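Chemist: I am attaching a structure below and will ask some questions about it afterwards.
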Amino acid sequence: MTADIIFEPLNFRHLSVKNRIFRSNISGRFDYYNGVGTQARINWEEKFARGGVGAIISSHVPISIRGRILPNYAIIDDDDKIPFWRKLGDAVHQYDCKYIMQLSHGGRQRDIAGVENSFNKGLSSTNSTDSFHGLLSQAMTGAEVKMVIQQFADAARRAREAGLDGIELHACNGYLINQFLSSGINDRRDEYGGSLENRARFLLDIMKAVRREVGDDFHFQVKISAVDHNNALIFWEKKGNTLAESIQVCKWVEAAGADALHISYGSTFPHPWNPPGGFPIEHAARTYGGMIASGTYAFRNFMLFRYRPLRPIFNFLWNRTKPDQVEGINADEAQAVKQNVSIPVLVTGGFQTASYIRKCISEGYCDGVAIARPLVANNDLVKIYASGKDLPDKPCTYCNKCAIHAIADPLGCYELSRYDGDYDRMMKEIMTVFTPA
Amino acid sequence: MKESEPQTPVENAERRRVKIVLLIILVVLIVLAAFLYWKFNPNRPVDYAEIQEHFKYGSIGSEPANGIPYWIFKVLPEMFPEKLPGQGLASLGLIQEPGRDLPVGFSKRRVIVDRVGLNCGVCHTGTVRDAPNSQPRVIVGMPANRLELENYIRFLSACALDPRFTTDNVMTAIEARTRLGPIERFIYRAAVPLTREALIEQGNRLAFINSRPDWGPGRVDTFNPYKALQFHWSMEHDDSIGTSDYPSVWNQQPREGMQLHWDGNNTSVDERNKSAALGAGVTPATIDLDRLKRIEDWLLAFKAPAYPYSIDAGLAAKGEPIYKQNCASCHDFGAPLVGRVTPIDQIATDAHRLDSYTYTLAVNQNMMYAGYPWRFSHFRKTDGYANMPLDGIWLRAPYLHNGSVPTLRDLVEPPDKRPKDFYRGYDVFDQKNVGFVSNVANEGGKQFFHYDTTLPGNNSGGHVYGTNLSAEEKDALVEYMKKL
C-alpha cells in the first residue's frame, strides 16, 4: 500500500505538520466579553487536536478590541493574554498538533462590535459603509495605519512568546487587510490606495513589521481571497480583485517572507461562495436579531430573514451567483496560486472526502487543506480517514447553521438531522465545549 | 428622564437616513401636489392676450360657482338635440365663430376640472349681415341681438330634468368624445349628478319666467332673475316683468356719473359692471376683479364702429339741425339731460321694466359685496327711464328699452303708426330704416321671434319726440343718426 498523502507530514520552512489536515479558522463566542480566554476555548481547540488534525489555525484572534468582529472572542491585544494562549498551545501540543494563531482585525466588518465600540466606527481603508449589514466605516489616517501595523507586529510577538507554532495574517474574507487589498472596497488616494501595489502595501508593511518582531524563523502564513467577487450579493458593488491580481499579491507575499499561503474566497463574510453551501435563513431569523443595532441595513436584513414573504428576495440575491460546487470550491484558484509560488499552499472550502483531498494534494492543487465545518460536525474526521473511511457516517451537510448560530450561540453543529432529529442530544453535544473532556 | 443620551454612529446614520427618506417622501409629495395642483388647479382660467378675445372668451369668474363642467357642457347638445330649435347651441343665437371651441361669451376655467361659464361677451356681442347671403360680422360691444338667453336657460333645465341625464349616460357620451384620466373620470362621475342638481335648482328658481311673455332674442329680464338667484327671493307674489334689450357697452368713460341701466338706477360705471357680472354668474367670492378690470378699462374708450354703409351726406346734413332741435338735449354727450331720468309720465314708454325694479331690491343690492371696499352703494329706485347717449345707435335696434320698435324710422312715427308686431332675431341690416329687417318670419328653417307689442311689457308707446316731423324731416333725421 502506498503511503497516504494525507498523512504525510507537511514541512514548511520553520514548521513541520504531521499531516495535511488543518483545522481552518472557526471561532465561537466562548471567552470572556473582554477578550480574556476561557477553558471553553481550550476545550474547543482540544477537540480537534484530539481528533487528529495536523495543525489548528486559530479562530479570528483580534489584535485589538476595536478590530474584533464579535465579543467573547479571545484576543491578543496585550501581553497579559500571553499566559492564556500558552496554556491553549500546551493543551493542543499534547496531541502532536501544531497551533497557528490567526491575527485578525475586522476593520469595518464588525458583526457585533461590542459596547466598547458603540461610539466608534470600524477602521478601514474607506469611509464607505459595508454593503451587506450597513456596518459603518472610517478611513484610517496615516497614524492609524502605523498604529494598526504595530498592533499586528505586537500580536505576532505575543503569539511567539506564548509558544505557539506560527501565525497567519487574516487578509481575506472582507476583514481589514482585505479591505485594503480589494479594489472593490479600497477608495484611498494615498500610498495605500489606487494601484494593486499600493493596495497591497498595508499587508506587506504588516509583514515587514511582523518579521521585524518575530524574526525570520517563525512560521508565518497569509490567508488570501483568491477572488473578491465583491458584487456577488449586492450587484451594484464593484467586483474587486481578480485571480490574476491575487496571484500577484501572493508573489509579493512570498517575496516578503511568507512561509505559506492559505487560499479562500470573497471580500465579505459571509459570502455567497464562502462558506460554500446553504444559507439557513430560518436560523438567521433567530440569531440575526443581535446584529440589528450594528449596521444601518441590519434591520432590513432581519426583516428579510424573519418574514417569510420577504425571504425570496434575500434568497434570490444570495443564490444569484452561487455555484453548485461545495467541496473544493477554491481548488482551481489554489492551483493557480501554487503554480506561481514556491511556498506551500493551503486551501479551504468544503473539503470532507478523503479521496478528494488526496487527489487535490497529489495532483498539485494544494499542499494541504484547511477544514472547519466538517471538523465541527466530526471532530475526529482525521481519525475517520485513518480508519480507511472516505467520508464520515454523518458528514457535514454544509448547511451553514454553525456559522449562522456563531453570532449568538455556542459554536457547534446545529444540523439536527445529524443527531437523528434528537434536539436534546444535539444540545448536549454542543454544550460539551464547556466541559473539559 | 435624561434627554441627552448620546447616539451611536449607527443610530445617527439611521436618523440621517430617516430624515433623508422623509425628505424624499416630502419632495415626492410636493411634486405630486404640484402635479395635482397643475392638473386640477383651482381657478386657472384660459387667458387671451388680445383684449377683444378676452372680452369674447376670457373669464370674469363665473365658473367656480355657476360653471358647467366642460365636457358636460359639450355633450348636452349632443345628448338632447331635440331640446334645441336647430343645430347646436348656435340655434339659440349663440355666436359660434369658426375654429372656436366655445361660443362667444363662454369662458373656460380650471376649477378642479375645466368649467364653462358666461362672461360679458355673451350679452354684449352681436352680429350684422349686409344682406341675407352675406357672412355675419361679429361686432363686439353691441347688444347680443340674436341671443335667446331664456331659451338657453330652458334648454339646460330641460336637459337636467330629462331621465336620460344620468351619470352613466353622460359619462358614456363624454368618453365617446375624449379620454378622461382616472382622476378626472372619478371627479366627473361625482360632478354629473351635482351639475344636474344645480341645473334643476336653477330651473326651479327661474321657473317664474315661464309665466311671463317670452324674452325672445336680444332681451333679458335683468332684475327679476337677480331677485331669484342672488337673493333667493320667492317670486310667488312678484308678477313684474322686467324684460328689456341688452344695451351696448361702448365708450364708458363719458357715461361715468350718468344714470345707468334703462331706469337709471345706478350712477357708478364700476358698480353697474360688477352688478352685470353677477348676472353672468360670478359671486362676490369668485369674481375675478383683475380680469374684469381689464375689460372695464378697455371699454372706457372702446368706440362703436362707424356706420359701414352709404350715407346720403346731403340728407344727413339736413337732418343734423333736426336732431339738434329734437334729440340732442337728452341724448348728446355733454347735453344737460343726457344720462338723467325722464319721469315715466313724460317718457310714457312701457312701465313694466321700471316697476320691476323695486325699492326693496335697491336696498338689498346695496348690501352686496358687504365687507369689500367695493360694496354697492349707488343703487336707487327711480321714477322713469334714463336718457341714453346714442353712440352706435345704428347697432342698437330694436329701440326703446324693451326693444319694441324695430327701426329708428319707426321710432319717429307716432306710437299708433309703429309696427304692432314684427320679428326679432334676424341680423340682416335695414339700411333704409336703420335697424334689423323685422318682417322676415324665418330663414333656412330658423323661426324668428314674433314680437307682439300688445303683450305686457312689450308696449311700443311713449317717446314721442320727433313724431310730428314731416316724412322728409324724419328721413333726414334718421340719415343723420346713422352718423352717431
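Just remember, in the C-alpha cells the first chain shown is A, the second B, etc., residues are 1-based per chain, and ligands are 1-based in the order shown.
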Show me a table, sorted first by chain and then by increasing residue number, of the residues of chain A having an atom at most 7 Å from chain B, each with its shortest atom pair and the distance in Å to one decimal, counting only C-alpha atoms and written as a Markdown table.
Modeler:
```
| residue | atom | partner | partner_atom | distance |
| --- | --- | --- | --- | --- |
| A:Ser118 | CA | B:Thr8 | CA | 5.9 |
| A:Phe119 | CA | B:Thr8 | CA | 5.0 |
| A:Asn120 | CA | B:Pro9 | CA | 6.8 |
| A:Lys121 | CA | B:Pro9 | CA | 6.9 |
| A:Leu136 | CA | B:Val10 | CA | 6.9 |
| A:Ser294 | CA | B:Val10 | CA | 6.7 |
| A:Gly295 | CA | B:Val10 | CA | 5.9 |
| A:Thr296 | CA | B:Glu14 | CA | 5.9 |
```
Chemist: Just to be explicit: take each residue in the selection above, keep C-alpha atoms, and write the result as a short mmCIF file (atom, residue, chain, number, x, y, z; two decimals), in the first residue's frame.
Modeler:
```
data_model
loop_
_atom_site.label_atom_id
_atom_site.label_comp_id
_atom_site.auth_asym_id
_atom_site.auth_seq_id
_atom_site.Cartn_x
_atom_site.Cartn_y
_atom_site.Cartn_z
CA SER A 118 -20.58 51.62 20.48
CA PHE A 119 -19.35 55.10 19.68
CA ASN A 120 -16.68 54.40 17.12
CA LYS A 121 -16.78 53.20 13.56
CA LEU A 136 -20.14 51.97 9.40
CA SER A 294 -24.76 47.03 14.44
CA GLY A 295 -25.46 48.35 10.98
CA THR A 296 -27.73 50.63 9.10
#
```
Chemist: Within 9 Å of segment 389-397 of chain A, counting only C-alpha atoms, which residues show up once you throw out same-chain ones fewer than 6 positions away? Write them as a list in words, please.
Modeler: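 Non-adjacent residues within range: Gly277, Gly278, Gln352, Thr353, Ala354, Ser355, Tyr356, Arg373, Pro374, Leu375, Val376, Ala377, Asn378, Leu381, Cys413, Glu415, Ser417, Arg418 and Tyr419 of chain A.
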Chemist: Could you write out that same residue set with C-alpha atoms as a PDB file, in the first residue's frame?
Modeler:
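Generated file (result-v3.pdb):
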```
ATOM      1  CA  GLY A 277     -23.329  25.639   0.922  1.00  0.00           C
ATOM      2  CA  GLY A 278     -26.697  26.765   2.164  1.00  0.00           C
ATOM      3  CA  GLN A 352     -14.567  16.490   3.549  1.00  0.00           C
ATOM      4  CA  THR A 353     -13.912  13.471   1.318  1.00  0.00           C
ATOM      5  CA  ALA A 354     -10.553  11.822   1.910  1.00  0.00           C
ATOM      6  CA  SER A 355     -10.119  10.622  -1.649  1.00  0.00           C
ATOM      7  CA  TYR A 356     -10.847  14.075  -2.993  1.00  0.00           C
ATOM      8  CA  ARG A 373     -17.328  22.826   9.217  1.00  0.00           C
ATOM      9  CA  PRO A 374     -16.740  19.100   8.522  1.00  0.00           C
ATOM     10  CA  LEU A 375     -14.500  19.101  11.572  1.00  0.00           C
ATOM     11  CA  VAL A 376     -17.152  20.822  13.657  1.00  0.00           C
ATOM     12  CA  ALA A 377     -19.502  18.054  12.571  1.00  0.00           C
ATOM     13  CA  ASN A 378     -16.942  15.301  13.095  1.00  0.00           C
ATOM     14  CA  LEU A 381     -12.522  13.410  10.942  1.00  0.00           C
ATOM     15  CA  CYS A 413     -23.082  21.602  14.683  1.00  0.00           C
ATOM     16  CA  GLU A 415     -27.779  20.241  11.849  1.00  0.00           C
ATOM     17  CA  SER A 417     -30.538  15.541  11.057  1.00  0.00           C
ATOM     18  CA  ARG A 418     -27.023  14.622  12.109  1.00  0.00           C
ATOM     19  CA  TYR A 419     -28.443  13.878  15.559  1.00  0.00           C
TER      20      TYR A 419
END
```
Chemist: Need to verify the contact set: Tyr372 of chain B, 12 Å, only C-alpha atoms, exclusion of same-chain residues closer than 6 positions in sequence. Can you return it as a PDB file with C-alpha atoms, in the first residue's frame?
Modeler:
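Done, and the output landed in part.pdb:
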```pdb
ATOM      1  CA  PRO B 284     -68.788  88.170  -4.574  1.00  0.00           C
ATOM      2  CA  ALA B 285     -66.378  85.376  -3.636  1.00  0.00           C
ATOM      3  CA  ILE B 287     -65.476  87.462  -9.115  1.00  0.00           C
ATOM      4  CA  LEU B 289     -61.591  91.509 -10.411  1.00  0.00           C
ATOM      5  CA  ASN B 366     -76.641  97.987  -1.685  1.00  0.00           C
TER       6      ASN B 366
END
```
Chemist: Please return as a PyMOL selection string: the residues of segment 164-265 of chain A that backbone DSSP assigns to alpha helix (DSSP H).
Modeler: chain A and resi 176-181+196-214+243-255
Chemist: For the atom pair atom CA of Ala313 of chain B and atom CA of Asp475 of chain B, what is the interatomic distance in Å to one decimal place?
Modeler: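 Going from atom CA of Ala313 of chain B over to atom CA of Asp475 of chain B covers 12.3 Å.
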Chemist: Using only C-alpha atoms, which residues sit within 12 Å of Arg418 of chain B once same-chain residues fewer than 2 positions away are excluded, as a PyMOL selection string?
Modeler: chain B and resi 398-399+404-416+420-422+452-453+459-464+467
Chemist: Take the residues from that selection and write them out as a tab-separated table (two decimals), in the first residue's frame, keeping N, CA and C atoms.
Modeler:
```tsv
chain	number	residue	atom	x	y	z
B	398	PRO	N	-83.67	96.42	-31.89
B	398	PRO	CA	-84.83	97.33	-31.91
B	398	PRO	C	-84.74	98.34	-30.77
B	399	TYR	N	-85.59	99.36	-30.85
B	399	TYR	CA	-85.41	100.51	-29.98
B	399	TYR	C	-86.42	100.56	-28.85
B	404	SER	N	-89.14	97.39	-28.53
B	404	SER	CA	-90.48	97.23	-29.09
B	404	SER	C	-90.66	97.94	-30.42
B	405	VAL	N	-89.64	98.71	-30.82
B	405	VAL	CA	-89.75	99.44	-32.09
B	405	VAL	C	-88.58	98.99	-32.96
B	406	PRO	N	-88.88	98.36	-34.11
B	406	PRO	CA	-87.80	97.69	-34.84
B	406	PRO	C	-86.76	98.63	-35.44
B	407	THR	N	-87.14	99.83	-35.89
B	407	THR	CA	-86.14	100.69	-36.55
B	407	THR	C	-86.26	102.11	-36.03
B	408	LEU	N	-85.21	102.90	-36.35
B	408	LEU	CA	-85.24	104.31	-35.97
B	408	LEU	C	-86.37	105.04	-36.68
B	409	ARG	N	-86.55	104.63	-37.94
B	409	ARG	CA	-87.59	105.31	-38.73
B	409	ARG	C	-88.96	105.06	-38.12
B	410	ASP	N	-89.13	103.83	-37.60
B	410	ASP	CA	-90.40	103.52	-36.92
B	410	ASP	C	-90.54	104.33	-35.64
B	411	LEU	N	-89.41	104.57	-34.98
B	411	LEU	CA	-89.47	105.23	-33.68
B	411	LEU	C	-89.93	106.68	-33.79
B	412	VAL	N	-89.65	107.28	-34.93
B	412	VAL	CA	-90.08	108.67	-35.07
B	412	VAL	C	-91.51	108.78	-35.62
B	413	GLU	N	-92.13	107.65	-35.74
B	413	GLU	CA	-93.57	107.65	-36.05
B	413	GLU	C	-94.33	107.68	-34.74
B	414	PRO	N	-95.51	108.23	-34.77
B	414	PRO	CA	-96.33	108.20	-33.56
B	414	PRO	C	-96.60	106.75	-33.15
B	415	PRO	N	-96.80	106.51	-31.88
B	415	PRO	CA	-96.98	105.14	-31.41
B	415	PRO	C	-98.01	104.35	-32.19
B	416	ASP	N	-99.07	104.94	-32.55
B	416	ASP	CA	-100.10	104.15	-33.25
B	416	ASP	C	-99.70	103.82	-34.67
B	420	LYS	N	-97.26	96.98	-34.96
B	420	LYS	CA	-97.93	96.32	-33.83
B	420	LYS	C	-97.24	94.98	-33.51
B	421	ASP	N	-96.70	94.38	-34.53
B	421	ASP	CA	-95.91	93.17	-34.30
B	421	ASP	C	-94.86	93.06	-35.39
B	422	PHE	N	-93.82	92.38	-35.09
B	422	PHE	CA	-92.71	92.23	-36.05
B	422	PHE	C	-91.87	91.05	-35.58
B	452	ASP	N	-94.90	90.71	-30.13
B	452	ASP	CA	-96.28	91.21	-30.08
B	452	ASP	C	-96.32	92.37	-29.09
B	453	THR	N	-96.53	93.56	-29.62
B	453	THR	CA	-96.47	94.75	-28.75
B	453	THR	C	-97.67	94.84	-27.81
B	459	ASN	N	-95.11	96.93	-24.79
B	459	ASN	CA	-95.74	98.09	-25.39
B	459	ASN	C	-94.73	99.00	-26.06
B	460	SER	N	-95.10	99.47	-27.26
B	460	SER	CA	-94.19	100.31	-28.04
B	460	SER	C	-94.55	101.78	-27.99
B	461	GLY	N	-95.40	102.15	-27.05
B	461	GLY	CA	-95.80	103.54	-26.95
B	461	GLY	C	-94.76	104.40	-26.26
B	462	GLY	N	-95.09	105.69	-26.19
B	462	GLY	CA	-94.22	106.63	-25.50
B	462	GLY	C	-93.08	107.12	-26.38
B	463	HIS	N	-92.23	107.98	-25.79
B	463	HIS	CA	-91.10	108.57	-26.51
B	463	HIS	C	-91.59	109.09	-27.86
B	464	VAL	N	-92.36	110.15	-27.77
B	464	VAL	CA	-93.00	110.65	-28.99
B	464	VAL	C	-92.21	111.79	-29.62
B	467	THR	N	-92.03	112.80	-33.50
B	467	THR	CA	-93.06	112.07	-34.24
B	467	THR	C	-93.94	112.99	-35.08
```
Chemist: If we count only C-alpha atoms and set the cut-off at 9 Å, which residues sit around Ala277 of chain B, ignoring sequence neighbours fewer than 2 positions away in its own chain? Please answer as a PyMOL selection string.
Modeler: chain B and resi 60-62+118-120+272-275+279-283+287+292
Chemist: Take the residues that were just selected and, keeping C-alpha atoms, output them as a PDB file, in the first residue's frame.
Modeler:
```pdb
ATOM      1  CA  ILE B  60     -64.522  87.061 -15.259  1.00  0.00           C
ATOM      2  CA  GLY B  61     -65.003  84.429 -12.554  1.00  0.00           C
ATOM      3  CA  SER B  62     -68.406  82.969 -13.288  1.00  0.00           C
ATOM      4  CA  LEU B 118     -70.556  83.123 -19.027  1.00  0.00           C
ATOM      5  CA  ASN B 119     -68.824  86.457 -19.454  1.00  0.00           C
ATOM      6  CA  CYS B 120     -69.654  89.957 -20.674  1.00  0.00           C
ATOM      7  CA  ARG B 272     -73.011  98.649 -12.824  1.00  0.00           C
ATOM      8  CA  ASN B 273     -70.225  96.456 -14.226  1.00  0.00           C
ATOM      9  CA  LYS B 274     -69.873  94.353 -11.099  1.00  0.00           C
ATOM     10  CA  SER B 275     -73.632  94.004 -10.900  1.00  0.00           C
ATOM     11  CA  GLY B 279     -75.809  88.381 -13.777  1.00  0.00           C
ATOM     12  CA  ALA B 280     -73.254  86.383 -15.752  1.00  0.00           C
ATOM     13  CA  GLY B 281     -72.774  84.070 -12.816  1.00  0.00           C
ATOM     14  CA  VAL B 282     -69.951  85.456 -10.712  1.00  0.00           C
ATOM     15  CA  THR B 283     -70.397  85.711  -6.966  1.00  0.00           C
ATOM     16  CA  ILE B 287     -65.476  87.462  -9.115  1.00  0.00           C
ATOM     17  CA  LEU B 292     -62.978  92.124 -15.152  1.00  0.00           C
TER      18      LEU B 292
END
```
Chemist: Tell me, as a ChimeraX atom specification, which residues lie within 12 Å of Tyr357 of chain B, counting only C-alpha atoms; anything in the same chain fewer than 2 positions away does not count.
Modeler: /B:221-227,238-243,261-266,351-355,359-365,379-385
Chemist: Can you pull out every residue within 6 Å of Gln252 of chain B, counting only C-alpha atoms, but drop anything in the same chain fewer than 2 positions away, and send it as number ranges by chain?
Modeler: B: 250, 254-255, 299-300
Chemist: Can you work out which one of B:His331, B:Arg340, B:Arg219, B:Arg110 has the shortest atom-to-atom distance to Leu147 of chain B, counting only C-alpha atoms?
Modeler: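 Nearest to Leu147 of chain B: B:Arg219.
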Chemist: Tell me which of B:Leu390, B:Leu180, B:Val46, B:Val192 sits closest to Thr166 of chain B, counting only C-alpha atoms.
Modeler: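 With only C-alpha atoms as the atom set, the closest residue is B:Val192.
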